[in-house]
Amino acid sequence: MGQWQDFTTGERLKVLRGKMTQSGLAERSGLSLHTVQKAEQNGNVSLPTLLRLAEALHSDVAVILGQQAPRRGMSPDDRAMLRELSRTVHDTAAGVLHDPAEGAAPGPADLAEAAARMWRVYWRGAYTDAGVLVAPFLRSVALFAQATPAGQEAAANALLSDAYRAAGLIANFLGARDLAYAAIGHAIRYAELAADPVRVSMLGSARARVLLRDARVEQALREAEAAAARTEPTFSEQGSSLLAAYGKNIIFAAVAASRLGDSARAADLLSQAHAVAARLGRDVYTNGLQFGPSYADAQAVGVNVSLGNAGRALEISRRFDPSGLTQAAHNRMLLDVALAQCDARQWDTSLDTLLEVCSSHPEWSRHQAIPGVIIQRAGHASTSRIRKLSAILGTSPTVR
């Protein structure tokens, strides 16, 4: 059997389908038989179609496109980090801690500094490096919580929630779905124990993100909308952190609605998110969460791409200043711009945009599905660009 990345998308679909018939896959995915046949014949396939196929095959879009082999093809560093992160998440949740005699539990100031550093690395999109920081941070917070006097647990529970949330987001990005669900579940528990409405609200969008990556789009929409409804600030509540968390839930609901093709619902949710962003007046960064005018505009680009409004997506991308975005959010917006250019048949321009982000952030790009979608569809572009991208992403340059 050849290397997974050397197969065509159609061949990979046939392997993943196994003994299931094309008709069975069509029924399970909610797609037409013609669409399934077209996908297996290496025709152009949209991202929403790939998401449905991934859900029906209990797989991942990156696996279908050859960016990851089945059961998470990833680098040794990624694997080592995930093993340690998984062990730490499960050990701390089970109360298995290192002997406190090995060293005194860290103090609040040290933990705050470690948390800030962890989120800075996460925001750069260096998720493997961030994961390396999360494991010791989580162990330290667990020791701190163990040593916290009765009646003063709120601060420790809030930090535990942050650490588990970071672990869940990183695991989700790298395709470790079981770990992501478990870590986010622990994060929710500790946010509730801390009685912290901001953190509870943040975790709505975090769990929606995991559901989206798992192609459970309707559940992601329900989760984000429910989280927003639970924590909608009153007009008298002016706290920027709560508003930002609320806006993040609304924007993730808009993303999910767009993936379902519900343009009216997505437009209404986007309008709400922009109203919250305008009320904030600036982008807010708190405990690994960003939301504000720049972030809302960046997400509006992706929403319009999902809805098939390539011209509108490109118009939005040209009219706002992305300098307020974190590096990871800016990278994602560039991928959405490249996909919009592809949809507009601006093949070479699309690949130039894709080369810009993939060349600057290759490790981040290898875990994204959109580059593979563009390479698959950009059959009219120059071979040299496709070869360069394939070398960066570790995929086959054969797109047809």
# chains A, B, ... in the order shown; residues from 1 in each chain; ligands from 1
>>> closest_atom_pairs(of="stretch 324-350 of chain A", to="stretch 362-374 of chain A", cutoff="7 Å", atoms="only C-alpha atoms", output="tab-separated table")
residue	atom	partner	partner_atom	distance
A:Leu335	CA	A:Ile370	CA	6.6
A:Leu339	CA	A:Ile374	CA	6.3
A:Cys342	CA	A:Ile374	CA	6.6
>>> residues_around(residues="stretch 144-157 of chain A", least_positions_apart="4", cutoff="12 Å", atoms="only C-alpha atoms", output="compact mmCIF listing (two decimals) with all heavy atoms, in the first residue's frame")
# COMPACT_ATOMS: atom_id res chain seq x y z
N THR A 92 -4.37 14.63 36.29
CA THR A 92 -4.82 15.70 37.19
C THR A 92 -6.32 15.59 37.46
O THR A 92 -6.78 15.83 38.57
CB THR A 92 -4.50 17.08 36.62
OG1 THR A 92 -5.02 17.19 35.28
CG2 THR A 92 -2.99 17.33 36.61
N GLY A 95 -6.85 13.13 40.05
CA GLY A 95 -6.20 13.41 41.33
C GLY A 95 -4.84 12.80 41.48
O GLY A 95 -4.30 12.72 42.60
N VAL A 96 -4.24 12.35 40.37
CA VAL A 96 -2.90 11.76 40.42
C VAL A 96 -1.89 12.89 40.24
O VAL A 96 -1.68 13.39 39.13
CB VAL A 96 -2.72 10.70 39.32
CG1 VAL A 96 -1.31 10.11 39.37
CG2 VAL A 96 -3.77 9.61 39.45
N LEU A 97 -1.27 13.29 41.34
CA LEU A 97 -0.35 14.43 41.31
C LEU A 97 1.04 13.98 41.73
O LEU A 97 1.22 12.95 42.38
CB LEU A 97 -0.82 15.53 42.25
CG LEU A 97 -2.25 16.06 42.02
CD1 LEU A 97 -2.58 17.12 43.06
CD2 LEU A 97 -2.39 16.63 40.62
N HIS A 98 2.03 14.79 41.35
CA HIS A 98 3.39 14.54 41.80
C HIS A 98 3.47 14.80 43.30
O HIS A 98 2.69 15.57 43.86
CB HIS A 98 4.38 15.45 41.07
CG HIS A 98 4.47 15.17 39.61
ND1 HIS A 98 4.94 13.97 39.12
CD2 HIS A 98 4.14 15.92 38.53
CE1 HIS A 98 4.91 14.00 37.80
NE2 HIS A 98 4.43 15.17 37.41
N ASP A 99 4.42 14.16 43.93
CA ASP A 99 4.61 14.34 45.37
C ASP A 99 4.94 15.80 45.66
O ASP A 99 5.94 16.32 45.17
CB ASP A 99 5.76 13.44 45.83
CG ASP A 99 5.95 13.48 47.34
OD1 ASP A 99 5.28 14.30 48.00
OD2 ASP A 99 6.75 12.68 47.84
N PRO A 100 4.11 16.48 46.46
CA PRO A 100 4.40 17.88 46.78
C PRO A 100 5.77 18.08 47.40
O PRO A 100 6.32 19.18 47.37
CB PRO A 100 3.28 18.26 47.76
CG PRO A 100 2.18 17.29 47.47
CD PRO A 100 2.87 16.01 47.08
N GLY A 103 8.72 19.78 45.55
CA GLY A 103 8.86 21.23 45.47
C GLY A 103 7.59 21.89 45.96
O GLY A 103 6.51 21.31 45.91
N ALA A 104 7.73 23.11 46.45
CA ALA A 104 6.57 23.82 46.97
C ALA A 104 5.63 24.17 45.83
O ALA A 104 6.06 24.39 44.69
CB ALA A 104 7.02 25.08 47.69
N ALA A 105 4.34 24.20 46.14
CA ALA A 105 3.35 24.61 45.14
C ALA A 105 3.63 26.05 44.73
O ALA A 105 3.96 26.90 45.56
CB ALA A 105 1.95 24.47 45.72
N PRO A 106 3.49 26.37 43.44
CA PRO A 106 3.77 27.74 42.99
C PRO A 106 2.73 28.71 43.53
O PRO A 106 1.61 28.33 43.90
CB PRO A 106 3.66 27.62 41.46
CG PRO A 106 2.77 26.44 41.24
CD PRO A 106 3.08 25.48 42.36
N GLY A 107 3.10 29.98 43.56
CA GLY A 107 2.19 31.00 44.05
C GLY A 107 1.36 31.60 42.94
O GLY A 107 1.61 31.36 41.75
N PRO A 108 0.36 32.40 43.29
CA PRO A 108 -0.53 33.00 42.29
C PRO A 108 0.20 33.84 41.25
O PRO A 108 -0.15 33.81 40.07
CB PRO A 108 -1.48 33.86 43.14
CG PRO A 108 -1.45 33.25 44.49
CD PRO A 108 -0.05 32.72 44.66
N ALA A 109 1.22 34.60 41.67
CA ALA A 109 1.95 35.46 40.73
C ALA A 109 2.68 34.63 39.69
O ALA A 109 2.67 34.95 38.49
CB ALA A 109 2.92 36.35 41.49
N ASP A 110 3.33 33.55 40.12
CA ASP A 110 4.03 32.68 39.18
C ASP A 110 3.06 32.03 38.20
O ASP A 110 3.36 31.90 37.00
CB ASP A 110 4.80 31.59 39.95
CG ASP A 110 5.96 32.14 40.75
OD1 ASP A 110 6.50 33.19 40.35
OD2 ASP A 110 6.32 31.52 41.76
N LEU A 111 1.92 31.61 38.70
CA LEU A 111 0.94 30.97 37.84
C LEU A 111 0.34 31.95 36.83
O LEU A 111 0.10 31.61 35.67
CB LEU A 111 -0.18 30.35 38.68
CG LEU A 111 0.23 29.13 39.50
CD1 LEU A 111 -0.90 28.69 40.42
CD2 LEU A 111 0.65 27.97 38.60
N ALA A 112 0.11 33.19 37.26
CA ALA A 112 -0.42 34.21 36.36
C ALA A 112 0.57 34.48 35.23
O ALA A 112 0.19 34.63 34.06
CB ALA A 112 -0.72 35.49 37.13
N PHE A 137 2.01 23.63 33.29
CA PHE A 137 1.13 24.63 33.90
C PHE A 137 -0.04 23.95 34.60
O PHE A 137 -0.37 24.29 35.75
CB PHE A 137 0.63 25.59 32.82
CG PHE A 137 -0.38 26.60 33.34
CD1 PHE A 137 -0.01 27.56 34.26
CD2 PHE A 137 -1.69 26.58 32.90
CE1 PHE A 137 -0.93 28.50 34.75
CE2 PHE A 137 -2.62 27.50 33.37
CZ PHE A 137 -2.24 28.46 34.29
N LEU A 138 -0.65 22.98 33.94
CA LEU A 138 -1.77 22.26 34.54
C LEU A 138 -1.35 21.53 35.81
O LEU A 138 -2.06 21.55 36.83
CB LEU A 138 -2.37 21.30 33.52
CG LEU A 138 -3.54 20.41 33.99
CD1 LEU A 138 -4.64 21.23 34.63
CD2 LEU A 138 -4.07 19.61 32.80
N ARG A 139 -0.18 20.89 35.77
CA ARG A 139 0.31 20.19 36.98
C ARG A 139 0.55 21.18 38.12
O ARG A 139 0.22 20.91 39.28
CB ARG A 139 1.58 19.42 36.66
CG ARG A 139 1.36 18.19 35.78
CD ARG A 139 2.58 17.30 35.78
NE ARG A 139 3.73 17.96 35.17
CZ ARG A 139 4.05 17.87 33.88
NH1 ARG A 139 3.29 17.17 33.05
NH2 ARG A 139 5.12 18.48 33.41
N SER A 140 1.11 22.34 37.79
CA SER A 140 1.38 23.34 38.82
C SER A 140 0.10 23.88 39.43
O SER A 140 0.00 24.07 40.64
CB SER A 140 2.20 24.50 38.22
OG SER A 140 3.48 24.07 37.81
N SER A 161 -9.67 25.71 35.14
CA SER A 161 -10.53 25.82 33.97
C SER A 161 -9.75 26.33 32.76
O SER A 161 -9.88 25.80 31.65
CB SER A 161 -11.71 26.75 34.28
OG SER A 161 -12.54 26.88 33.14
N ASP A 162 -8.92 27.34 32.98
CA ASP A 162 -8.12 27.90 31.87
C ASP A 162 -7.16 26.86 31.30
O ASP A 162 -6.99 26.75 30.09
CB ASP A 162 -7.32 29.11 32.36
CG ASP A 162 -8.20 30.31 32.63
OD1 ASP A 162 -9.37 30.30 32.22
OD2 ASP A 162 -7.70 31.27 33.25
N ALA A 163 -6.50 26.11 32.20
CA ALA A 163 -5.52 25.12 31.75
C ALA A 163 -6.19 24.00 30.96
O ALA A 163 -5.70 23.59 29.90
CB ALA A 163 -4.76 24.56 32.95
N TYR A 164 -7.31 23.52 31.45
CA TYR A 164 -8.02 22.46 30.72
C TYR A 164 -8.56 22.98 29.39
O TYR A 164 -8.57 22.26 28.39
CB TYR A 164 -9.15 21.90 31.58
CG TYR A 164 -8.71 20.93 32.65
CD1 TYR A 164 -8.99 21.16 34.00
CD2 TYR A 164 -8.02 19.77 32.32
CE1 TYR A 164 -8.60 20.27 34.99
CE2 TYR A 164 -7.61 18.87 33.30
CZ TYR A 164 -7.90 19.12 34.63
OH TYR A 164 -7.51 18.23 35.61
N HIS A 186 -13.74 18.99 31.55
CA HIS A 186 -13.13 19.33 32.85
C HIS A 186 -13.10 20.85 33.03
O HIS A 186 -13.34 21.36 34.14
CB HIS A 186 -11.70 18.79 32.92
CG HIS A 186 -11.61 17.30 32.86
ND1 HIS A 186 -12.48 16.47 33.52
CD2 HIS A 186 -10.72 16.48 32.21
CE1 HIS A 186 -12.15 15.21 33.30
NE2 HIS A 186 -11.10 15.19 32.50
N ALA A 187 -12.82 21.58 31.96
CA ALA A 187 -12.77 23.05 32.04
C ALA A 187 -14.13 23.62 32.45
O ALA A 187 -14.20 24.54 33.27
CB ALA A 187 -12.33 23.63 30.69
N ILE A 188 -15.19 23.07 31.89
CA ILE A 188 -16.54 23.53 32.23
C ILE A 188 -16.82 23.28 33.71
O ILE A 188 -17.35 24.16 34.42
CB ILE A 188 -17.58 22.83 31.35
CG1 ILE A 188 -17.44 23.32 29.90
CG2 ILE A 188 -18.99 23.07 31.87
CD1 ILE A 188 -18.28 22.54 28.91
N ARG A 189 -16.45 22.11 34.18
CA ARG A 189 -16.68 21.76 35.59
C ARG A 189 -16.01 22.78 36.52
O ARG A 189 -16.64 23.27 37.48
CB ARG A 189 -16.16 20.36 35.87
CG ARG A 189 -16.23 19.95 37.33
CD ARG A 189 -15.45 18.68 37.59
NE ARG A 189 -15.31 18.42 39.01
CZ ARG A 189 -14.28 17.79 39.57
NH1 ARG A 189 -13.30 17.34 38.80
NH2 ARG A 189 -14.22 17.58 40.86
N TYR A 190 -14.75 23.10 36.24
CA TYR A 190 -14.03 24.00 37.15
C TYR A 190 -14.47 25.45 37.00
O TYR A 190 -14.44 26.22 37.98
CB TYR A 190 -12.52 23.86 36.94
CG TYR A 190 -11.98 22.61 37.61
CD1 TYR A 190 -11.62 21.50 36.86
CD2 TYR A 190 -11.87 22.54 38.99
CE1 TYR A 190 -11.16 20.34 37.47
CE2 TYR A 190 -11.42 21.39 39.62
CZ TYR A 190 -11.06 20.29 38.85
OH TYR A 190 -10.63 19.15 39.47
N ALA A 191 -14.91 25.85 35.80
CA ALA A 191 -15.46 27.20 35.64
C ALA A 191 -16.73 27.35 36.46
O ALA A 191 -16.98 28.40 37.08
CB ALA A 191 -15.73 27.47 34.17
N GLU A 192 -17.55 26.30 36.49
CA GLU A 192 -18.78 26.34 37.28
C GLU A 192 -18.47 26.33 38.77
O GLU A 192 -19.12 27.03 39.56
CB GLU A 192 -19.67 25.15 36.91
CG GLU A 192 -20.25 25.28 35.49
CD GLU A 192 -20.98 24.03 35.03
OE1 GLU A 192 -20.77 22.96 35.67
OE2 GLU A 192 -21.72 24.11 34.04
N LEU A 193 -17.45 25.55 39.18
CA LEU A 193 -17.05 25.55 40.59
C LEU A 193 -16.51 26.92 41.01
O LEU A 193 -16.69 27.34 42.16
CB LEU A 193 -15.98 24.47 40.84
CG LEU A 193 -16.46 23.02 40.84
CD1 LEU A 193 -15.27 22.07 40.91
CD2 LEU A 193 -17.41 22.77 42.01
N ALA A 194 -15.86 27.60 40.07
CA ALA A 194 -15.33 28.94 40.37
C ALA A 194 -16.43 29.99 40.36
O ALA A 194 -16.19 31.13 40.76
CB ALA A 194 -14.25 29.31 39.35
N ALA A 195 -17.63 29.60 39.88
CA ALA A 195 -18.75 30.53 39.76
C ALA A 195 -18.34 31.76 38.96
O ALA A 195 -18.66 32.90 39.32
CB ALA A 195 -19.28 30.93 41.15
N ASP A 196 -17.63 31.50 37.85
CA ASP A 196 -17.10 32.58 37.02
C ASP A 196 -17.89 32.65 35.71
O ASP A 196 -17.69 31.82 34.81
CB ASP A 196 -15.62 32.32 36.73
CG ASP A 196 -14.93 33.49 36.06
OD1 ASP A 196 -15.55 34.09 35.16
OD2 ASP A 196 -13.78 33.79 36.41
N ARG A 199 -15.74 32.80 32.34
CA ARG A 199 -15.13 31.53 31.91
C ARG A 199 -16.18 30.53 31.44
O ARG A 199 -15.96 29.80 30.48
CB ARG A 199 -14.28 30.96 33.04
CG ARG A 199 -12.95 31.69 33.20
CD ARG A 199 -12.14 31.14 34.37
NE ARG A 199 -10.77 31.64 34.34
CZ ARG A 199 -10.39 32.81 34.87
NH1 ARG A 199 -11.30 33.59 35.46
NH2 ARG A 199 -9.13 33.20 34.79
N VAL A 200 -17.31 30.49 32.12
CA VAL A 200 -18.39 29.60 31.68
C VAL A 200 -18.82 29.97 30.27
O VAL A 200 -19.02 29.10 29.40
CB VAL A 200 -19.59 29.67 32.65
CG1 VAL A 200 -20.79 28.94 32.06
CG2 VAL A 200 -19.22 29.06 34.00
>>> closest_residue(among="A:Ala340, A:Cys358, A:Ala26, A:Leu393", to="A:Ser306", atoms="only C-alpha atoms")
A:Ala340
>>> residues_around(residues="A:Gly66", least_positions_apart="5", cutoff="10 Å", atoms="only C-alpha atoms", output="MDAnalysis selection string")
chainID A and resid 3:9 12 61 73 369 372 393:396
>>> write_last_selection(atoms="C-alpha atoms", output="compact mmCIF listing (two decimals), in the first residue's frame")
# COMPACT_ATOMS: atom_id res chain seq x y z
CA GLN A 3 1.77 6.49 1.17
CA TRP A 4 -1.59 7.99 2.17
CA GLN A 5 -0.63 11.42 0.83
CA ASP A 6 0.14 9.95 -2.62
CA PHE A 7 -3.42 8.73 -3.17
CA THR A 8 -5.94 10.99 -4.85
CA THR A 9 -8.81 12.38 -2.80
CA ARG A 12 -8.80 8.06 -0.09
CA VAL A 61 -11.29 16.59 6.43
CA GLY A 73 -0.49 11.35 10.88
CA ALA A 369 -8.10 21.61 5.77
CA GLY A 372 -5.87 20.97 0.59
CA LEU A 393 2.23 20.84 3.40
CA GLY A 394 3.71 17.39 2.86
CA THR A 395 1.10 16.36 0.28
CA SER A 396 1.24 14.98 -3.23
>>> select_by_dssp(residues="stretch 351-396 of chain A", states="alpha helix (DSSP H)", output="ChimeraX atom specification")
/A:351-360,362-365,370-377,383-393
>>> residues_around(residues="A:Ala275", least_positions_apart="5", cutoff="9 Å", atoms="only C-alpha atoms", output="PDB file with N, CA, C and O atoms, in the first residue's frame")
ATOM      1  N   GLY A 247     -19.856  37.798  22.707  1.00  0.00           N
ATOM      2  CA  GLY A 247     -19.693  38.010  21.270  1.00  0.00           C
ATOM      3  C   GLY A 247     -19.043  36.834  20.586  1.00  0.00           C
ATOM      4  O   GLY A 247     -19.399  36.494  19.442  1.00  0.00           O
ATOM      5  N   LEU A 270     -24.372  37.402  12.581  1.00  0.00           N
ATOM      6  CA  LEU A 270     -23.242  38.298  12.294  1.00  0.00           C
ATOM      7  C   LEU A 270     -23.572  39.733  12.691  1.00  0.00           C
ATOM      8  O   LEU A 270     -22.726  40.454  13.242  1.00  0.00           O
ATOM      9  N   LEU A 280     -18.030  47.133  22.299  1.00  0.00           N
ATOM     10  CA  LEU A 280     -16.703  47.040  22.924  1.00  0.00           C
ATOM     11  C   LEU A 280     -15.800  48.163  22.437  1.00  0.00           C
ATOM     12  O   LEU A 280     -15.016  48.738  23.193  1.00  0.00           O
TER      13      LEU A 280
END
>>> select_by_dssp(residues="stretch 177-328 of chain A", states="strand (DSSP E or B)", output="VMD selection string")
chain A and resid 284 to 286 289 to 291
>>> closest_residue(among="A:Gln376, A:Ser32, A:Gln341, A:Gln37", to="A:Lys14", atoms="only C-alpha atoms")
A:Gln37
>>> residues_around(residues="A:Leu57", least_positions_apart="3", cutoff="9 Å", atoms="only C-alpha atoms", output="list in words")
Leu13, Leu16, Arg17, Leu25, Arg28, Ser29, Arg52, Leu53, Ala54 and Asp60 of chain A
>>> closest_residue(among="A:Leu160, A:Ala244, A:Leu133, A:Ala257", to="A:Leu82", atoms="only C-alpha atoms")
A:Leu133
>>> closest_residue(among="A:Ser241, A:Ser46, A:Gln327, A:Ser86", to="A:Tyr285", atoms="only C-alpha atoms")
A:Ser241
>>> residues_around(residues="A:Lys248", least_positions_apart="6", cutoff="8 Å", atoms="only C-alpha atoms", output="list in words")
Met202, Ser205, Ala273, Gln290 and Phe291 of chain A
>>> residues_around(residues="A:Leu179", least_positions_apart="4", cutoff="12 Å", atoms="only C-alpha atoms", output="PyMOL selection string")
chain A and resi 82-90+164-175+183-186+210
>>> write_last_selection(atoms="N, CA and C atoms", output="compact mmCIF listing (two decimals), in the first residue's frame")
# COMPACT_ATOMS: atom_id res chain seq x y z
N LEU A 82 1.34 15.59 22.55
CA LEU A 82 -0.02 15.12 22.82
C LEU A 82 -0.04 14.00 23.86
N ARG A 83 0.95 13.11 23.80
CA ARG A 83 1.01 12.04 24.81
C ARG A 83 1.15 12.62 26.21
N GLU A 84 2.06 13.58 26.34
CA GLU A 84 2.28 14.20 27.65
C GLU A 84 1.06 15.00 28.08
N LEU A 85 0.45 15.71 27.13
CA LEU A 85 -0.73 16.50 27.46
C LEU A 85 -1.89 15.61 27.88
N SER A 86 -2.08 14.50 27.16
CA SER A 86 -3.15 13.57 27.51
C SER A 86 -2.93 12.96 28.89
N ARG A 87 -1.69 12.55 29.16
CA ARG A 87 -1.38 11.97 30.46
C ARG A 87 -1.66 12.97 31.58
N THR A 88 -1.26 14.22 31.34
CA THR A 88 -1.44 15.25 32.37
C THR A 88 -2.90 15.57 32.61
N VAL A 89 -3.68 15.70 31.52
CA VAL A 89 -5.11 15.99 31.66
C VAL A 89 -5.80 14.89 32.46
N HIS A 90 -5.54 13.64 32.09
CA HIS A 90 -6.24 12.53 32.76
C HIS A 90 -5.73 12.33 34.18
N TYR A 164 -7.31 23.52 31.45
CA TYR A 164 -8.02 22.46 30.72
C TYR A 164 -8.56 22.98 29.39
N ARG A 165 -9.02 24.23 29.38
CA ARG A 165 -9.53 24.79 28.12
C ARG A 165 -8.41 24.89 27.09
N ALA A 166 -7.24 25.34 27.51
CA ALA A 166 -6.11 25.42 26.59
C ALA A 166 -5.75 24.03 26.06
N ALA A 167 -5.74 23.05 26.96
CA ALA A 167 -5.44 21.67 26.54
C ALA A 167 -6.47 21.19 25.52
N GLY A 168 -7.74 21.50 25.75
CA GLY A 168 -8.79 21.07 24.84
C GLY A 168 -8.68 21.72 23.48
N LEU A 169 -8.39 23.01 23.45
CA LEU A 169 -8.28 23.72 22.17
C LEU A 169 -7.10 23.21 21.36
N ILE A 170 -5.98 22.95 22.02
CA ILE A 170 -4.79 22.45 21.32
C ILE A 170 -5.03 21.04 20.81
N ALA A 171 -5.63 20.18 21.65
CA ALA A 171 -5.92 18.82 21.23
C ALA A 171 -6.87 18.82 20.03
N ASN A 172 -7.85 19.71 20.06
CA ASN A 172 -8.79 19.80 18.96
C ASN A 172 -8.10 20.20 17.66
N PHE A 173 -7.21 21.17 17.74
CA PHE A 173 -6.49 21.63 16.56
C PHE A 173 -5.67 20.51 15.94
N LEU A 174 -5.10 19.65 16.77
CA LEU A 174 -4.26 18.56 16.27
C LEU A 174 -5.05 17.29 15.98
N GLY A 175 -6.37 17.37 16.09
CA GLY A 175 -7.20 16.23 15.71
C GLY A 175 -7.39 15.18 16.78
N ALA A 183 -11.03 17.33 27.93
CA ALA A 183 -10.42 18.52 28.54
C ALA A 183 -11.43 19.66 28.65
N ILE A 184 -12.24 19.87 27.60
CA ILE A 184 -13.24 20.93 27.66
C ILE A 184 -14.29 20.61 28.73
N GLY A 185 -14.63 19.34 28.88
CA GLY A 185 -15.56 18.95 29.93
C GLY A 185 -15.02 19.28 31.31
N HIS A 186 -13.74 18.99 31.55
CA HIS A 186 -13.13 19.33 32.85
C HIS A 186 -13.10 20.85 33.03
N VAL A 210 -14.87 22.54 19.06
CA VAL A 210 -14.60 21.10 18.96
C VAL A 210 -15.68 20.41 18.13
>>> closest_residue(among="A:Ala278, A:Ala56, A:Ile250, A:Gln22", to="A:His34", atoms="only C-alpha atoms")
A:Gln22
